[in-house]
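Shown here: model_1.pdb, PDB, C-alpha atoms and all ligand atoms.
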```
MODEL        1
ATOM      1  CA  MET H   1     -21.511 -59.106 -13.933
ATOM      2  CA  LEU H   2     -19.773 -61.987 -12.176
ATOM      3  CA  GLN H   3     -18.482 -63.283 -15.528
ATOM      4  CA  LYS H   4     -17.144 -59.818 -16.378
ATOM      5  CA  TRP H   5     -15.334 -59.667 -13.026
ATOM      6  CA  LYS H   6     -13.792 -63.073 -13.663
ATOM      7  CA  TRP H   7     -12.546 -61.994 -17.092
ATOM      8  CA  SER H   8     -11.073 -58.785 -15.657
ATOM      9  CA  LEU H   9      -9.264 -60.731 -12.943
ATOM     10  CA  LYS H  10      -7.942 -63.223 -15.494
ATOM     11  CA  ALA H  11      -6.648 -60.431 -17.744
ATOM     12  CA  LEU H  12      -4.951 -58.722 -14.792
ATOM     13  CA  LEU H  13      -3.272 -61.918 -13.622
ATOM     14  CA  THR H  14      -2.111 -62.685 -17.158
ATOM     15  CA  ALA H  15      -0.562 -59.210 -17.428
ATOM     16  CA  LEU H  16       1.166 -59.634 -14.067
ATOM     17  CA  VAL H  17       2.619 -63.013 -15.045
ATOM     18  CA  LEU H  18       3.927 -61.553 -18.316
ATOM     19  CA  ALA H  19       5.414 -58.531 -16.509
ATOM     20  CA  SER H  20       7.091 -60.793 -13.969
ATOM     21  CA  ALA H  21       8.553 -63.006 -16.717
ATOM     22  CA  SER H  22       9.845 -59.943 -18.583
ATOM     23  CA  ALA H  23      11.515 -58.547 -15.458
ATOM     24  CA  SER H  24      13.361 -61.802 -14.854
ATOM     25  CA  GLU H  25      14.858 -61.940 -18.351
ATOM     26  CA  ALA H  26      18.555 -61.248 -18.774
ATOM     27  CA  SER H  27      19.358 -57.596 -19.414
ATOM     28  CA  ASP H  28      20.375 -56.727 -22.973
ATOM     29  CA  ASN H  29      23.321 -54.540 -23.904
ATOM     30  CA  LEU H  30      22.020 -50.976 -24.197
ATOM     31  CA  ILE H  31      24.964 -49.926 -26.367
ATOM     32  CA  ALA H  32      24.753 -50.293 -30.138
ATOM     33  CA  ASN H  33      27.864 -51.459 -31.985
ATOM     34  CA  GLY H  34      29.753 -51.836 -28.692
ATOM     35  CA  GLY H  35      32.048 -54.387 -30.329
ATOM     36  CA  PHE H  36      32.601 -52.258 -33.473
ATOM     37  CA  GLU H  37      31.604 -55.215 -35.640
ATOM     38  CA  THR H  38      30.199 -52.851 -38.267
ATOM     39  CA  GLY H  39      33.848 -52.113 -39.062
ATOM     40  CA  ASP H  40      33.404 -48.420 -38.233
ATOM     41  CA  PHE H  41      31.991 -45.996 -35.618
ATOM     42  CA  THR H  42      28.335 -46.530 -36.605
ATOM     43  CA  SER H  43      26.012 -45.534 -33.700
ATOM     44  CA  TRP H  44      28.812 -43.539 -32.022
ATOM     45  CA  ILE H  45      29.264 -39.774 -32.105
ATOM     46  CA  THR H  46      32.872 -38.885 -32.826
ATOM     47  CA  ALA H  47      34.647 -35.609 -32.107
ATOM     48  CA  GLY H  48      38.175 -34.260 -32.101
ATOM     49  CA  ASP H  49      41.303 -35.295 -33.920
ATOM     50  CA  SER H  50      40.437 -38.406 -35.917
ATOM     51  CA  ALA H  51      43.685 -38.442 -37.898
ATOM     52  CA  PHE H  52      44.963 -41.714 -36.419
ATOM     53  CA  THR H  53      41.813 -43.253 -35.054
ATOM     54  CA  GLY H  54      39.310 -45.700 -36.445
ATOM     55  CA  VAL H  55      38.196 -49.328 -36.417
ATOM     56  CA  ASN H  56      40.227 -52.243 -37.754
ATOM     57  CA  GLY H  57      41.043 -55.875 -37.119
ATOM     58  CA  PHE H  58      44.672 -55.521 -36.022
ATOM     59  CA  ALA H  59      43.865 -56.853 -32.543
ATOM     60  CA  THR H  60      40.435 -57.511 -31.046
ATOM     61  CA  HIS H  61      39.027 -58.810 -27.822
ATOM     62  CA  SER H  62      36.299 -60.614 -29.749
ATOM     63  CA  GLY H  63      34.956 -60.627 -33.257
ATOM     64  CA  ASP H  64      36.704 -59.125 -36.242
ATOM     65  CA  PHE H  65      37.027 -55.455 -35.249
ATOM     66  CA  ALA H  66      38.042 -53.122 -32.431
ATOM     67  CA  ALA H  67      38.444 -49.358 -32.170
ATOM     68  CA  TYR H  68      41.880 -47.778 -31.999
ATOM     69  CA  PHE H  69      42.940 -44.382 -30.673
ATOM     70  CA  SER H  70      46.343 -43.009 -31.544
ATOM     71  CA  SER H  71      45.867 -39.387 -32.529
ATOM     72  CA  ASN H  72      48.156 -36.667 -31.231
ATOM     73  CA  ASN H  73      45.211 -34.626 -29.938
ATOM     74  CA  PRO H  74      42.082 -35.581 -27.985
ATOM     75  CA  PHE H  75      39.579 -37.751 -29.799
ATOM     76  CA  THR H  76      36.233 -38.793 -28.306
ATOM     77  CA  ILE H  77      33.500 -41.281 -29.088
ATOM     78  CA  SER H  78      30.182 -41.130 -27.226
ATOM     79  CA  GLN H  79      26.731 -42.678 -27.291
ATOM     80  CA  ASP H  80      23.428 -41.818 -25.595
ATOM     81  CA  PHE H  81      20.964 -44.373 -24.292
ATOM     82  CA  THR H  82      17.719 -44.326 -22.337
ATOM     83  CA  THR H  83      17.926 -44.941 -18.592
ATOM     84  CA  ASP H  84      15.494 -45.169 -15.694
ATOM     85  CA  ILE H  85      16.241 -42.630 -12.966
ATOM     86  CA  GLY H  86      17.376 -44.420  -9.799
ATOM     87  CA  ARG H  87      18.119 -47.694 -11.579
ATOM     88  CA  SER H  88      21.577 -49.227 -11.409
ATOM     89  CA  TYR H  89      23.626 -49.888 -14.550
ATOM     90  CA  THR H  90      26.874 -51.775 -15.024
ATOM     91  CA  PHE H  91      29.279 -50.411 -17.629
ATOM     92  CA  GLY H  92      32.005 -52.679 -18.954
ATOM     93  CA  PHE H  93      34.693 -52.388 -21.597
ATOM     94  CA  TRP H  94      37.897 -54.066 -22.730
ATOM     95  CA  ALA H  95      40.933 -51.881 -23.396
ATOM     96  CA  TRP H  96      44.481 -52.521 -24.549
ATOM     97  CA  SER H  97      47.402 -50.136 -24.274
ATOM     98  CA  VAL H  98      50.137 -50.441 -26.862
ATOM     99  CA  GLN H  99      52.702 -47.763 -26.091
ATOM    100  CA  THR H 100      54.296 -46.537 -22.902
ATOM    101  CA  SER H 101      54.541 -42.763 -23.130
ATOM    102  CA  SER H 102      53.685 -41.257 -19.754
ATOM    103  CA  SER H 103      51.554 -38.570 -21.403
ATOM    104  CA  GLU H 104      49.031 -41.071 -22.795
ATOM    105  CA  ARG H 105      45.533 -41.184 -21.399
ATOM    106  CA  LEU H 106      42.310 -43.010 -22.109
ATOM    107  CA  SER H 107      39.336 -41.841 -20.077
ATOM    108  CA  PHE H 108      35.940 -43.414 -19.673
ATOM    109  CA  LEU H 109      33.262 -40.713 -19.407
ATOM    110  CA  ILE H 110      29.724 -40.641 -18.047
ATOM    111  CA  ASN H 111      27.768 -37.564 -19.094
ATOM    112  CA  GLY H 112      31.068 -35.934 -20.071
ATOM    113  CA  ASP H 113      32.798 -36.505 -16.719
ATOM    114  CA  ALA H 114      35.903 -38.701 -16.542
ATOM    115  CA  ILE H 115      35.082 -41.694 -14.346
ATOM    116  CA  ILE H 116      38.060 -43.929 -15.074
ATOM    117  CA  THR H 117      41.324 -42.644 -16.525
ATOM    118  CA  LEU H 118      43.744 -45.274 -17.702
ATOM    119  CA  LEU H 119      47.469 -44.754 -17.840
ATOM    120  CA  PRO H 120      49.377 -46.782 -20.387
ATOM    121  CA  TRP H 121      50.285 -50.307 -19.419
ATOM    122  CA  PRO H 122      52.817 -51.796 -21.799
ATOM    123  CA  ASN H 123      52.471 -55.053 -23.613
ATOM    124  CA  ARG H 124      49.334 -56.131 -21.815
ATOM    125  CA  PRO H 125      46.492 -58.030 -23.440
ATOM    126  CA  PHE H 126      42.965 -56.682 -23.463
ATOM    127  CA  THR H 127      41.925 -55.935 -19.874
ATOM    128  CA  TYR H 128      38.380 -55.675 -18.572
ATOM    129  CA  PHE H 129      37.166 -52.608 -16.694
ATOM    130  CA  GLU H 130      33.788 -52.257 -15.024
ATOM    131  CA  TYR H 131      31.871 -49.491 -13.293
ATOM    132  CA  THR H 132      28.426 -49.433 -11.673
ATOM    133  CA  TRP H 133      26.331 -46.291 -11.933
ATOM    134  CA  THR H 134      22.916 -45.200 -10.712
ATOM    135  CA  ALA H 135      21.128 -43.189 -13.399
ATOM    136  CA  ILE H 136      20.184 -39.607 -12.542
ATOM    137  CA  SER H 137      18.453 -38.765 -15.823
ATOM    138  CA  GLU H 138      16.274 -40.352 -18.494
ATOM    139  CA  VAL H 139      19.138 -40.243 -20.991
ATOM    140  CA  THR H 140      22.711 -41.103 -20.080
ATOM    141  CA  GLN H 141      25.808 -40.687 -22.216
ATOM    142  CA  ILE H 142      28.961 -42.749 -22.075
ATOM    143  CA  GLY H 143      32.122 -41.824 -23.887
ATOM    144  CA  PHE H 144      35.797 -42.533 -24.281
ATOM    145  CA  THR H 145      38.414 -39.907 -24.929
ATOM    146  CA  SER H 146      42.060 -40.429 -25.732
ATOM    147  CA  SER H 147      44.913 -37.994 -25.598
ATOM    148  CA  ARG H 148      48.184 -38.916 -27.280
ATOM    149  CA  GLY H 149      47.457 -42.550 -26.632
ATOM    150  CA  THR H 150      47.724 -45.761 -28.532
ATOM    151  CA  TYR H 151      44.829 -47.702 -27.188
ATOM    152  CA  ARG H 152      42.405 -50.292 -28.484
ATOM    153  CA  LEU H 153      38.852 -50.640 -27.242
ATOM    154  CA  ASP H 154      36.317 -53.434 -27.692
ATOM    155  CA  ASP H 155      33.129 -55.020 -26.318
ATOM    156  CA  ILE H 156      31.592 -52.020 -24.580
ATOM    157  CA  THR H 157      28.497 -53.010 -22.619
ATOM    158  CA  VAL H 158      25.862 -51.294 -20.503
ATOM    159  CA  LEU H 159      23.570 -53.655 -18.634
ATOM    160  CA  ALA H 160      20.615 -52.569 -16.522
ATOM    161  CA  ALA H 161      20.164 -54.129 -13.111
ATOM    162  CA  PRO H 162      16.836 -55.931 -12.692
ATOM    163  CA  PRO H 163      14.078 -53.624 -11.459
ATOM    164  CA  LEU H 164      12.727 -54.090  -7.958
ATOM    165  CA  PRO H 165      10.714 -57.323  -7.835
ATOM    166  CA  ALA H 166       6.991 -56.897  -8.419
ATOM    167  CA  PRO H 167       4.579 -58.648  -6.047
ATOM    168  CA  GLU H 168       3.889 -62.240  -7.024
ATOM    169  CA  PRO H 169       0.643 -62.745  -8.993
ATOM    170  CA  GLY H 170      -0.619 -64.862  -6.106
ATOM    171  CA  THR H 171      -0.144 -61.901  -3.759
ATOM    172  CA  TRP H 172      -2.166 -59.665  -6.085
ATOM    173  CA  ALA H 173      -4.916 -62.297  -6.299
ATOM    174  CA  MET H 174      -5.125 -62.484  -2.499
ATOM    175  CA  MET H 175      -5.260 -58.668  -2.276
ATOM    176  CA  LEU H 176      -8.045 -58.508  -4.890
ATOM    177  CA  LEU H 177     -10.019 -61.224  -3.137
ATOM    178  CA  GLY H 178      -9.520 -59.355   0.139
ATOM    179  CA  PHE H 179     -10.826 -56.090  -1.378
ATOM    180  CA  GLY H 180     -13.791 -58.008  -2.818
ATOM    181  CA  ALA H 181     -14.622 -59.476   0.584
ATOM    182  CA  ILE H 182     -14.424 -56.030   2.215
ATOM    183  CA  GLY H 183     -16.744 -54.563  -0.451
ATOM    184  CA  ALA H 184     -19.233 -57.406  -0.101
ATOM    185  CA  GLY H 185     -19.229 -57.002   3.675
ATOM    186  CA  LEU H 186     -19.814 -53.268   3.376
ATOM    187  CA  ARG H 187     -22.726 -53.806   0.970
ATOM    188  CA  ARG H 188     -24.309 -56.248   3.403
ATOM    189  CA  ARG H 189     -23.941 -53.751   6.266
ATOM    190  CA  ARG H 190     -25.535 -51.012   4.162
ATOM    191  CA  GLN H 191     -28.495 -53.277   3.432
ATOM    192  CA  LEU H 192     -28.925 -53.908   7.161
ATOM    193  CA  ASP H 193     -28.310 -50.312   8.259
ATOM    194  CA  PRO H 194     -29.882 -47.650   5.975
ATOM    195  CA  ALA H 195     -28.108 -44.907   7.983
ATOM    196  CA  LEU H 196     -24.728 -46.298   6.877
ATOM    197  CA  SER H 197     -25.673 -46.047   3.223
ATOM    198  CA  ARG H 198     -26.123 -42.295   3.682
ATOM    199  CA  ALA H 199     -22.859 -41.910   5.558
ATOM    200  CA  ARG H 200     -20.096 -39.885   3.975
ATOM    201  CA  VAL H 201     -16.382 -40.091   4.692
ATOM    202  CA  LEU H 202     -15.355 -36.669   5.911
ATOM    203  CA  PRO H 203     -11.805 -35.396   5.514
ATOM    204  CA  ARG H 204      -9.875 -35.314   8.775
TER     205      ARG H 204
HETATM  206 CA    CA T   1      34.907 -56.509 -31.632
ENDMDL
END
```
Show me this structure written as structure tokens.
Amino acid sequence: MLQKWKWSLKALLTALVLASASASEASDNLIANGGFETGDFTSWITAGDSAFTGVNGFATHSGDFAAYFSSNNPFTISQDFTTDIGRSYTFGFWAWSVQTSSSERLSFLINGDAIITLLPWPNRPFTYFEYTWTAISEVTQIGFTSSRGTYRLDDITVLAAPPLPAPEPGTWAMMLLGFGAIGAGLRRRRQLDPALSRARVLPR
């Protein structure tokens, strides 16, 4: 029995150490093909006027490809990913505006709502934009929509903030040892006092 208890404790501590190590690892990008290095919109849902939109290597922030938006009517790309409700996420993307028409727009969307709307900025290199969001659902959607713009987009990232720190394995071990000591003490008291062994805990 004692050996079984030892093995159970060892397995629990091993699991806690592994969980702690996993939680401390760097967060991975939750977006697939965020840099458009497939050379197309693989993993993205596209909608709208795609006449003058696509992926090419004319100018990129990194790698060989970036997306471009230059249709006369709205065009949208979007992607869903799994999120933990209440957890914080950091969204980042690099955008470049080519033309200067005042009617141009590029909006960054979360669940279909425009969070950041960019006006054209002429002759600027790729610029980084970032937004932090607390998830309210188990699936979150990000998107980008352009209207009459000439924009380029690259290196879209969604990174999850680390979860709340779990108790250290040493803390769990102390708690388990404490519970064991309480149980042993109670068993000793029951052996000394038969009336206690018949006692029941009544609801208050
Ligand atoms: Ca790229």
Nearby residues (all atoms listed in the file) at most 7 Å from Glu104 in chain H, same-chain spacing under 5 positions excluded, as an NGL selection string: :H and (119-120 or 147-149)
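Taking CA of Ile77 in chain H and CA of Phe108 in chain H as endpoints, the distance between them is 10.0 Å.
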For chain H against ligand CA 1 (chain T), with a cut-off of 7 Å and counting all atoms listed in the file, what is the closest atom pair and its distance in Å to one decimal for every residue that makes the cut, ordered by chain and number, as a Markdown table?
```
| residue | atom | partner | partner_atom | distance |
| --- | --- | --- | --- | --- |
| H:Gly35 | CA | T:CA1 | CA | 3.8 |
| H:Phe36 | CA | T:CA1 | CA | 5.2 |
| H:Glu37 | CA | T:CA1 | CA | 5.4 |
| H:Thr60 | CA | T:CA1 | CA | 5.6 |
| H:His61 | CA | T:CA1 | CA | 6.1 |
| H:Ser62 | CA | T:CA1 | CA | 4.7 |
| H:Gly63 | CA | T:CA1 | CA | 4.4 |
| H:Asp64 | CA | T:CA1 | CA | 5.6 |
| H:Phe65 | CA | T:CA1 | CA | 4.3 |
| H:Ala66 | CA | T:CA1 | CA | 4.7 |
| H:Asp154 | CA | T:CA1 | CA | 5.2 |
| H:Asp155 | CA | T:CA1 | CA | 5.8 |
```
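Among the candidates H:Asn73, H:Ser146, H:Thr90, H:Ser78, the one nearest to Glu130 in chain H when counting all atoms listed in the file is H:Thr90.
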Residue neighbourhood Ile136 in chain H, 12 Å, only C-alpha atoms, exclusion window fewer than 4 positions, as an MDAnalysis selection string: chainID H and resid 82:89 110:111 140:141
Which of H:Ala32, H:Ala95, H:Ala114, H:Ile45 sits closest to Thr150 in chain H [using all atoms listed in the file]: H:Ala95
Two-atom distance - CA of Ala161 in chain H, CA of Phe126 in chain H (Å):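 For CA of Ala161 in chain H relative to CA of Phe126 in chain H, the distance reads 25.2 Å.
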